[in-house]
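Novice: Below is the file target_29.pdb, with PDB, C-alpha atoms and all ligand atoms.
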```pdb
ATOM      1  CA  MET A1174       6.764  -3.061  12.776
ATOM      2  CA  VAL A1175       6.755  -0.527   9.953
ATOM      3  CA  LEU A1176       3.639   0.694   8.107
ATOM      4  CA  THR A1177       4.175   2.560   4.834
ATOM      5  CA  GLY A1178       1.827   4.674   2.719
ATOM      6  CA  ALA A1179       1.944   6.461  -0.620
ATOM      7  CA  GLY A1180       4.366   9.079   0.757
ATOM      8  CA  ILE A1181       7.274   6.601   0.741
ATOM      9  CA  SER A1182       6.906   6.219  -3.035
ATOM     10  CA  ALA A1183       6.384   9.949  -3.739
ATOM     11  CA  GLU A1184      10.114  10.589  -4.296
ATOM     12  CA  SER A1185      10.131   7.688  -6.747
ATOM     13  CA  GLY A1186       7.721   9.790  -8.806
ATOM     14  CA  LEU A1187       4.505   7.934  -7.930
ATOM     15  CA  ARG A1188       1.481  10.089  -7.128
ATOM     16  CA  THR A1189      -0.013  10.014  -3.672
ATOM     17  CA  PHE A1190      -3.777  10.135  -3.172
ATOM     18  CA  ARG A1191      -4.618  13.215  -1.148
ATOM     19  CA  ALA A1192      -1.944  15.736  -2.084
ATOM     20  CA  VAL A1193      -2.699  18.753  -4.282
ATOM     21  CA  GLU A1194      -2.320  16.823  -7.549
ATOM     22  CA  GLY A1195      -3.217  13.534  -5.866
ATOM     23  CA  LEU A1196      -4.844  10.616  -7.634
ATOM     24  CA  TRP A1197      -8.181  11.386  -5.986
ATOM     25  CA  GLU A1198      -8.116  14.833  -7.574
ATOM     26  CA  ASP A1199      -8.795  13.500 -11.067
ATOM     27  CA  HIS A1200     -10.454  10.144 -10.411
ATOM     28  CA  ARG A1201     -13.599   9.536  -8.379
ATOM     29  CA  ILE A1202     -12.914   6.860  -5.769
ATOM     30  CA  GLU A1203     -16.408   5.456  -6.301
ATOM     31  CA  ASP A1204     -15.676   4.978 -10.016
ATOM     32  CA  VAL A1205     -12.234   3.322  -9.867
ATOM     33  CA  ALA A1206     -11.766   1.937  -6.339
ATOM     34  CA  THR A1207     -15.050   0.279  -5.362
ATOM     35  CA  PRO A1208     -16.700  -3.037  -6.376
ATOM     36  CA  GLU A1209     -19.740  -1.011  -7.575
ATOM     37  CA  GLY A1210     -17.533   1.112  -9.834
ATOM     38  CA  TYR A1211     -16.013  -2.069 -11.277
ATOM     39  CA  GLN A1212     -19.452  -3.552 -11.967
ATOM     40  CA  ARG A1213     -20.534  -0.261 -13.617
ATOM     41  CA  ASP A1214     -17.523   0.192 -15.900
ATOM     42  CA  ARG A1215     -14.821  -2.517 -15.931
ATOM     43  CA  GLN A1216     -12.896  -0.806 -18.751
ATOM     44  CA  LEU A1217     -12.592   2.469 -16.800
ATOM     45  CA  VAL A1218     -11.260   0.572 -13.774
ATOM     46  CA  HIS A1219      -8.749  -1.406 -15.872
ATOM     47  CA  ASP A1220      -7.600   1.827 -17.560
ATOM     48  CA  PHE A1221      -6.946   3.380 -14.105
ATOM     49  CA  TYR A1222      -4.900   0.423 -12.882
ATOM     50  CA  ASN A1223      -3.115  -0.007 -16.248
ATOM     51  CA  GLN A1224      -1.903   3.606 -15.902
ATOM     52  CA  ARG A1225      -0.733   3.040 -12.314
ATOM     53  CA  ARG A1226       0.896  -0.307 -13.206
ATOM     54  CA  ALA A1227       2.878   1.402 -16.004
ATOM     55  CA  ALA A1228       3.907   4.260 -13.669
ATOM     56  CA  ALA A1229       5.014   1.788 -10.968
ATOM     57  CA  ALA A1230       7.009  -0.270 -13.494
ATOM     58  CA  ALA A1231       8.792   2.901 -14.670
ATOM     59  CA  ALA A1232       9.555   4.028 -11.083
ATOM     60  CA  LYS A1233      12.626   3.035  -9.073
ATOM     61  CA  PRO A1234      12.886   2.240  -5.368
ATOM     62  CA  ASN A1235      14.258   5.260  -3.463
ATOM     63  CA  ALA A1236      16.611   5.604  -0.468
ATOM     64  CA  ALA A1237      13.743   5.029   1.979
ATOM     65  CA  HIS A1238      12.725   1.717   0.358
ATOM     66  CA  LEU A1239      16.384   0.651   0.205
ATOM     67  CA  ALA A1240      17.051   1.585   3.850
ATOM     68  CA  LEU A1241      14.115  -0.602   4.961
ATOM     69  CA  ALA A1242      15.414  -3.561   2.904
ATOM     70  CA  GLU A1243      18.920  -3.173   4.323
ATOM     71  CA  PHE A1244      17.559  -2.848   7.852
ATOM     72  CA  GLU A1245      15.508  -6.050   7.477
ATOM     73  CA  ALA A1246      18.568  -7.964   6.212
ATOM     74  CA  ALA A1247      20.768  -6.836   9.114
ATOM     75  CA  PHE A1248      18.247  -6.777  12.009
ATOM     76  CA  ALA A1249      18.506  -9.769  14.376
ATOM     77  CA  GLY A1250      15.079  -9.174  15.982
ATOM     78  CA  GLU A1251      11.503  -9.568  14.729
ATOM     79  CA  PHE A1252      10.746  -7.117  11.893
ATOM     80  CA  LEU A1253       7.554  -6.813   9.853
ATOM     81  CA  LEU A1254       6.927  -4.396   6.980
ATOM     82  CA  VAL A1255       3.255  -3.725   6.190
ATOM     83  CA  THR A1256       2.445  -1.512   3.224
ATOM     84  CA  GLN A1257      -0.772   0.125   2.051
ATOM     85  CA  ASN A1258       0.908   0.696  -1.301
ATOM     86  CA  VAL A1259       0.146  -1.479  -4.297
ATOM     87  CA  ASP A1260       3.379  -0.640  -6.145
ATOM     88  CA  ASP A1261       6.175  -3.221  -5.900
ATOM     89  CA  LEU A1262       8.953  -0.838  -4.870
ATOM     90  CA  HIS A1263       9.560  -2.477  -1.472
ATOM     91  CA  ALA A1264      10.074  -5.889  -3.124
ATOM     92  CA  ARG A1265      12.235  -4.371  -5.862
ATOM     93  CA  ALA A1266      14.329  -2.643  -3.152
ATOM     94  CA  GLY A1267      15.044  -6.096  -1.699
ATOM     95  CA  SER A1268      12.556  -6.321   1.185
ATOM     96  CA  LYS A1269      11.784 -10.009   1.703
ATOM     97  CA  ARG A1270       8.770 -10.052   4.029
ATOM     98  CA  VAL A1271       6.228  -7.429   2.910
ATOM     99  CA  LEU A1272       2.515  -7.655   3.731
ATOM    100  CA  ALA A1273       0.724  -5.697   0.977
ATOM    101  CA  MET A1274      -2.536  -5.202   2.867
ATOM    102  CA  HIS A1275      -4.245  -3.337  -0.020
ATOM    103  CA  GLY A1276      -3.131  -5.844  -2.674
ATOM    104  CA  GLN A1277      -0.682  -5.418  -5.562
ATOM    105  CA  LEU A1278      -0.812  -3.811  -9.006
ATOM    106  CA  ASN A1279       1.147  -6.674 -10.557
ATOM    107  CA  ARG A1280      -1.415  -9.271  -9.512
ATOM    108  CA  MET A1281      -4.957 -10.035 -10.685
ATOM    109  CA  HIS A1282      -7.573 -12.232  -9.045
ATOM    110  CA  CYS A1283     -10.628 -14.059 -10.388
ATOM    111  CA  ASP A1284     -13.953 -12.431  -9.461
ATOM    112  CA  ASN A1285     -15.442 -15.941  -9.242
ATOM    113  CA  CYS A1286     -12.935 -18.310  -7.592
ATOM    114  CA  GLY A1287     -10.489 -15.751  -6.145
ATOM    115  CA  GLN A1288      -7.394 -17.388  -7.695
ATOM    116  CA  VAL A1289      -4.519 -14.856  -7.769
ATOM    117  CA  THR A1290      -2.305 -14.645 -10.864
ATOM    118  CA  ASP A1291       0.412 -12.348 -12.200
ATOM    119  CA  ALA A1292      -0.913  -9.305 -14.054
ATOM    120  CA  PRO A1293       0.368  -8.520 -17.566
ATOM    121  CA  PRO A1294       1.366  -4.857 -18.077
ATOM    122  CA  VAL A1295      -1.989  -4.108 -19.722
ATOM    123  CA  CYS A1296      -5.117  -5.840 -18.428
ATOM    124  CA  ARG A1297      -8.465  -5.986 -20.207
ATOM    125  CA  PRO A1298     -11.990  -6.500 -18.817
ATOM    126  CA  ASP A1299     -12.548  -9.712 -20.833
ATOM    127  CA  MET A1300      -9.624 -11.695 -19.378
ATOM    128  CA  ARG A1301     -10.948 -15.087 -18.235
ATOM    129  CA  CYS A1302      -9.714 -17.032 -15.227
ATOM    130  CA  GLN A1303      -7.618 -20.005 -16.392
ATOM    131  CA  HIS A1304      -8.308 -21.767 -13.088
ATOM    132  CA  CYS A1305     -12.118 -21.910 -12.959
ATOM    133  CA  GLN A1306     -12.797 -20.896 -16.611
ATOM    134  CA  ALA A1307     -15.861 -19.072 -15.294
ATOM    135  CA  GLY A1308     -14.755 -15.783 -13.712
ATOM    136  CA  LEU A1309     -13.149 -12.618 -15.042
ATOM    137  CA  LEU A1310      -9.795 -11.308 -13.821
ATOM    138  CA  ARG A1311      -9.882  -8.041 -11.841
ATOM    139  CA  PRO A1312      -7.029  -6.037 -10.281
ATOM    140  CA  HIS A1313      -5.830  -7.722  -7.057
ATOM    141  CA  VAL A1314      -6.301  -4.425  -5.227
ATOM    142  CA  VAL A1315      -8.441  -4.000  -2.092
ATOM    143  CA  TRP A1316     -11.198  -1.505  -2.895
ATOM    144  CA  PHE A1317     -13.163   0.646  -0.472
ATOM    145  CA  GLY A1318     -15.691  -1.557   1.275
ATOM    146  CA  GLU A1319     -13.513  -4.675   0.904
ATOM    147  CA  MET A1320     -11.482  -6.373   3.645
ATOM    148  CA  PRO A1321      -7.729  -5.614   3.650
ATOM    149  CA  LEU A1322      -5.417  -8.639   3.391
ATOM    150  CA  PHE A1323      -3.249 -10.279   6.103
ATOM    151  CA  MET A1324      -5.241  -8.721   8.959
ATOM    152  CA  GLU A1325      -4.753 -11.695  11.301
ATOM    153  CA  GLU A1326      -0.972 -11.630  10.891
ATOM    154  CA  ILE A1327      -0.920  -7.830  11.222
ATOM    155  CA  SER A1328      -3.052  -7.883  14.405
ATOM    156  CA  ALA A1329      -0.777 -10.507  15.967
ATOM    157  CA  ALA A1330       2.315  -8.411  15.141
ATOM    158  CA  LEU A1331       0.715  -5.247  16.573
ATOM    159  CA  ALA A1332      -0.169  -6.994  19.845
ATOM    160  CA  ASP A1333       3.471  -8.064  20.170
ATOM    161  CA  CYS A1334       5.060  -4.832  18.982
ATOM    162  CA  ASN A1335       7.580  -2.706  20.898
ATOM    163  CA  LEU A1336       8.407  -0.240  18.136
ATOM    164  CA  PHE A1337       5.899   0.978  15.525
ATOM    165  CA  ILE A1338       6.974   3.326  12.718
ATOM    166  CA  ALA A1339       4.465   4.809  10.227
ATOM    167  CA  ILE A1340       6.016   6.313   7.089
ATOM    168  CA  GLY A1341       4.266   8.524   4.520
ATOM    169  CA  THR A1342       0.633   7.845   5.348
ATOM    170  CA  SER A1343      -2.043  10.480   6.019
ATOM    171  CA  GLY A1344      -3.864   8.309   8.580
ATOM    172  CA  GLN A1345      -7.222   8.785   6.897
ATOM    173  CA  VAL A1346      -8.047   5.208   5.876
ATOM    174  CA  TYR A1347      -8.876   2.457   8.378
ATOM    175  CA  PRO A1348      -7.946  -0.139   9.528
ATOM    176  CA  ALA A1349      -4.347   1.013   8.808
ATOM    177  CA  ALA A1350      -4.943   4.405  10.479
ATOM    178  CA  GLY A1351      -5.895   2.587  13.691
ATOM    179  CA  PHE A1352      -2.690   0.492  13.916
ATOM    180  CA  VAL A1353      -0.844   3.103  16.001
ATOM    181  CA  ARG A1354      -3.518   2.946  18.717
ATOM    182  CA  ILE A1355      -3.222  -0.860  18.947
ATOM    183  CA  ALA A1356       0.598  -0.731  18.984
ATOM    184  CA  ALA A1357       0.603   1.982  21.682
ATOM    185  CA  ALA A1358      -1.839  -0.067  23.796
ATOM    186  CA  ALA A1359       0.615  -2.979  23.508
ATOM    187  CA  GLY A1360       3.305  -0.699  24.932
ATOM    188  CA  ALA A1361       5.121   0.092  21.670
ATOM    189  CA  HIS A1362       7.097   3.289  21.155
ATOM    190  CA  CYS A1363       5.442   4.924  18.113
ATOM    191  CA  ILE A1364       7.202   7.149  15.574
ATOM    192  CA  GLU A1365       5.537   8.975  12.666
ATOM    193  CA  ALA A1366       7.703   9.907   9.664
ATOM    194  CA  ASN A1367       5.932  12.289   7.318
ATOM    195  CA  LEU A1368       6.159  15.651   5.543
ATOM    196  CA  GLU A1369       3.428  16.890   7.878
ATOM    197  CA  ALA A1370       1.390  15.656  10.830
ATOM    198  CA  SER A1371      -1.104  12.943   9.824
ATOM    199  CA  ALA A1372      -4.717  12.747  10.986
ATOM    200  CA  VAL A1373      -3.601  10.344  13.746
ATOM    201  CA  ALA A1374      -0.397  12.200  14.738
ATOM    202  CA  ALA A1375      -1.629  12.545  18.335
ATOM    203  CA  GLY A1376      -1.278   8.772  18.769
ATOM    204  CA  PHE A1377       2.495   8.827  18.207
ATOM    205  CA  ASP A1378       5.254   9.377  20.782
ATOM    206  CA  GLU A1379       7.511  11.004  18.191
ATOM    207  CA  GLN A1380       7.045  13.036  15.010
ATOM    208  CA  ARG A1381       9.878  13.100  12.460
ATOM    209  CA  LEU A1382       9.021  15.670   9.763
ATOM    210  CA  GLY A1383      10.831  15.665   6.437
ATOM    211  CA  LEU A1384      11.354  13.729   3.213
ATOM    212  CA  ALA A1385      11.196   9.954   3.613
ATOM    213  CA  THR A1386      14.484   9.545   1.730
ATOM    214  CA  GLU A1387      16.181  11.645   4.430
ATOM    215  CA  ILE A1388      14.383  10.734   7.654
ATOM    216  CA  VAL A1389      13.842   6.989   7.148
ATOM    217  CA  PRO A1390      17.566   6.136   6.855
ATOM    218  CA  GLN A1391      18.206   8.327   9.933
ATOM    219  CA  ILE A1392      15.535   6.629  12.060
ATOM    220  CA  LEU A1393      16.684   3.126  11.049
ATOM    221  CA  ALA A1394      20.344   3.996  11.739
ATOM    222  CA  GLU A1395      19.352   4.917  15.305
ATOM    223  CA  ILE A1396      17.743   1.503  15.825
ATOM    224  CA  ALA A1397      20.093  -0.886  13.986
TER     225      ALA A1397
HETATM  226  N1  LIG B   1       8.139  11.896   2.426
HETATM  227  C1  LIG B   1       7.343  11.588   3.501
HETATM  228  N2  LIG B   1       5.993  11.698   3.497
HETATM  229  C2  LIG B   1       5.421  12.131   2.343
HETATM  230  C3  LIG B   1       6.168  12.469   1.186
HETATM  231  C4  LIG B   1       7.585  12.340   1.270
HETATM  232  N3  LIG B   1       8.385  12.634   0.232
HETATM  233  N4  LIG B   1       5.297  12.886   0.217
HETATM  234  C5  LIG B   1       4.055  12.804   0.752
HETATM  235  N5  LIG B   1       4.126  12.352   2.020
HETATM  236  C6  LIG B   1       3.009  12.088   2.954
HETATM  237  C7  LIG B   1       1.901  13.119   2.906
HETATM  238  O1  LIG B   1       2.163  14.174   3.824
HETATM  239  C8  LIG B   1       0.683  12.281   3.346
HETATM  240  O2  LIG B   1       0.540  12.311   4.766
HETATM  241  O3  LIG B   1       2.421  10.875   2.538
HETATM  242  C9  LIG B   1       1.048  10.854   2.908
HETATM  243  C10 LIG B   1       0.229  10.366   1.723
HETATM  244  O4  LIG B   1      -1.107  10.291   2.130
HETATM  245  P1  LIG B   1      -2.192   9.666   1.131
HETATM  246  O5  LIG B   1      -2.036  10.287  -0.219
HETATM  247  O6  LIG B   1      -3.524   9.764   1.830
HETATM  248  O7  LIG B   1      -1.775   8.142   0.991
HETATM  249  P2  LIG B   1      -2.017   6.960   2.026
HETATM  250  O8  LIG B   1      -2.029   7.457   3.437
HETATM  251  O9  LIG B   1      -1.067   5.889   1.683
HETATM  252  O10 LIG B   1      -3.522   6.472   1.638
HETATM  253  C11 LIG B   1      -3.979   5.313   2.283
HETATM  254  O11 LIG B   1      -5.953   5.396   0.921
HETATM  255  O12 LIG B   1      -6.850   5.754  -1.126
HETATM  256  C12 LIG B   1      -6.503   4.778  -0.248
HETATM  257  O13 LIG B   1      -5.913   2.580  -0.721
HETATM  258  C13 LIG B   1      -5.453   3.879  -0.825
HETATM  259  O14 LIG B   1      -3.563   2.867   0.287
HETATM  260  C14 LIG B   1      -4.257   4.100   0.087
HETATM  261  C15 LIG B   1      -4.896   4.563   1.365
END
```
Starting from the file, give its structure as structure tokens.

Specialist:
Amino acid sequence: MVLTGAGISAESGLRTFRAVEGLWEDHRIEDVATPEGYQRDRQLVHDFYNQRRAAAAAAKPNAAHLALAEFEAAFAGEFLLVTQNVDDLHARAGSKRVLAMHGQLNRMHCDNCGQVTDAPPVCRPDMRCQHCQAGLLRPHVVWFGEMPLFMEEISAALADCNLFIAIGTSGQVYPAAGFVRIAAAAGAHCIEANLEASAVAAGFDEQRLGLATEIVPQILAEIA
């Protein structure tokens, strides 16, 4: 099982959250990534995600995304890719089975009936749900205080995991930051690939420090 974070998309030019010029440096999480912030100012939230959707559309998958897609295609065993990222670079790199546990920039969902639809490049706060005609469409992104997606499938995979690799995540946001502890308890060998040690580095058997585009292909070549 592989878990990716914003660091795998950094070399594609997409900003991470907690680096020096990270997204959380010039946006307050409570304003753009919480249900309360959305209720307070829907336009501000749509502007934030419209900017990120445009940046993601302009970005290209990098060697780390591509190596994961190639590995999945060639690997005869059980392989699951879970991402915290909401960009679509894994899918555009060719990964087939990707669980986007924090949602996706190119999807919207109705704040009344929950129906998920494709997001146009620019979304506005007055977009009505075509399914129930009652609700408004909001970014299909999991905000702080909301439940991540696919948790049952992820928990089952962790309990059955013999190799867990975390790539480009700072280990500061749960439940994703707790996955290494569950995988290790299930007997998995755990590898962390990052520019620097994450907040949960102690839970890993191995640390591989460096750029994702360099270390991810190396790690996968050792396993294939
Ligand atoms: N190669 C490898 N790792 C990198 C690279 C790179 N080129 N660039 C940055 N990193 C690492 C950083 O060292 C850091 O540990 O990527 C990590 C990015 O951490 P965050 O910015 O905190 O992103 P992430 O861990 O994905 O955040 C998790 O927090 O804000 C929420 O929902 C949001 O999904 C996000 C979640």

Novice: Restricting the calculation to all atoms listed in the file: of A:Gly1351, A:Pro1234, A:Pro1298, A:Gly1250, which residue gets closest to Leu1310 of chain A?

Specialist: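 Closest candidate: A:Pro1298.
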
Novice: Can you measure atom CA of His1238 of chain A to atom O8 of ligand LIG 1 (chain B) for me? One decimal in Å is fine.

Specialist: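 Between these atoms lies a distance of 16.1 Å.
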
Novice: Could you list the residues chosen by the PyMOL selection byres (((chain A and resi 1323) around 12) and not hetatm) in this structure as a count of residues only?

Specialist: 24

Novice: For ligand LIG 1 (chain B), list the contacting residues at 7 Å or closer, counting only C-alpha atoms and all ligand atoms, as a PyMOL selection string.

Specialist: chain A and resi 1177-1181+1183-1184+1189-1192+1195+1257-1258+1275+1340-1346+1366-1371+1383-1386

Novice: Suppose a student applies the PyMOL selection byres (((chain A and resi 1216-1233) around 10) and not hetatm) to this structure; what residues should they get, written as a PyMOL selection string?

Specialist: chain A and resi 1182-1188+1196+1200+1204-1208+1210-1215+1234-1236+1238+1259-1263+1265-1266+1277-1280+1292-1299+1311-1312+1314

Novice: For each of A:Val1289, A:Ile1338, A:Ala1307, A:Leu1331, take the minimum atom-to-atom distance to Leu1176 of chain A, counting only C-alpha atoms, then give the residue where this is smallest.

Specialist: A:Ile1338

Novice: Quick one: residues within 10 Å of Pro1390 of chain A, only C-alpha atoms counted, chain neighbours fewer than 5 positions away excluded, as a list in words?

Specialist: Ala1236, Ala1237, His1238, Leu1239, Ala1240, Leu1241, Glu1243, Phe1244, Ala1385 and Glu1395 of chain A

Novice: What is the distance between atom CA of Met1281 of chain A and atom CA of Glu1203 of chain A, in Å to one decimal?

Specialist: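 Between atom CA of Met1281 of chain A and atom CA of Glu1203 of chain A the gap works out to 19.8 Å.
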
Novice: Calculated over all atoms listed in the file, which of the candidates A:Arg1270, A:Ala1332, A:Phe1337, A:Ala1374 has the smallest distance to Ala1358 of chain A?

Specialist: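 For Ala1358 of chain A, the nearest of the given residues is A:Ala1332.
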
Novice: What does the PyMOL selection byres (((chain A and resi 1354) around 10) and not hetatm) select in this file, as number ranges by chain?

Specialist: A: 1331, 1350-1353, 1355-1361, 1363, 1373, 1375-1377

Novice: Rounded to one decimal, what separation in Å do you get between atom CA of Met1174 of chain A and atom CA of Phe1252 of chain A?

Specialist: 5.8 Å

Novice: Measuring between all atoms listed in the file, which one of A:Ala1372, A:Ala1247, A:Leu1336, A:Ile1202 shows the shortest distance to Gly1318 of chain A?

Specialist: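 For Gly1318 of chain A, the nearest of the given residues is A:Ile1202.
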
Novice: Looking at only C-alpha atoms, which of A:Ile1388, A:Ile1396, A:Ala1249, A:Ala1242 is the one that sits closest to Ala1264 of chain A?

Specialist: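 Among the listed residues, the smallest separation from Ala1264 of chain A belongs to A:Ala1242.
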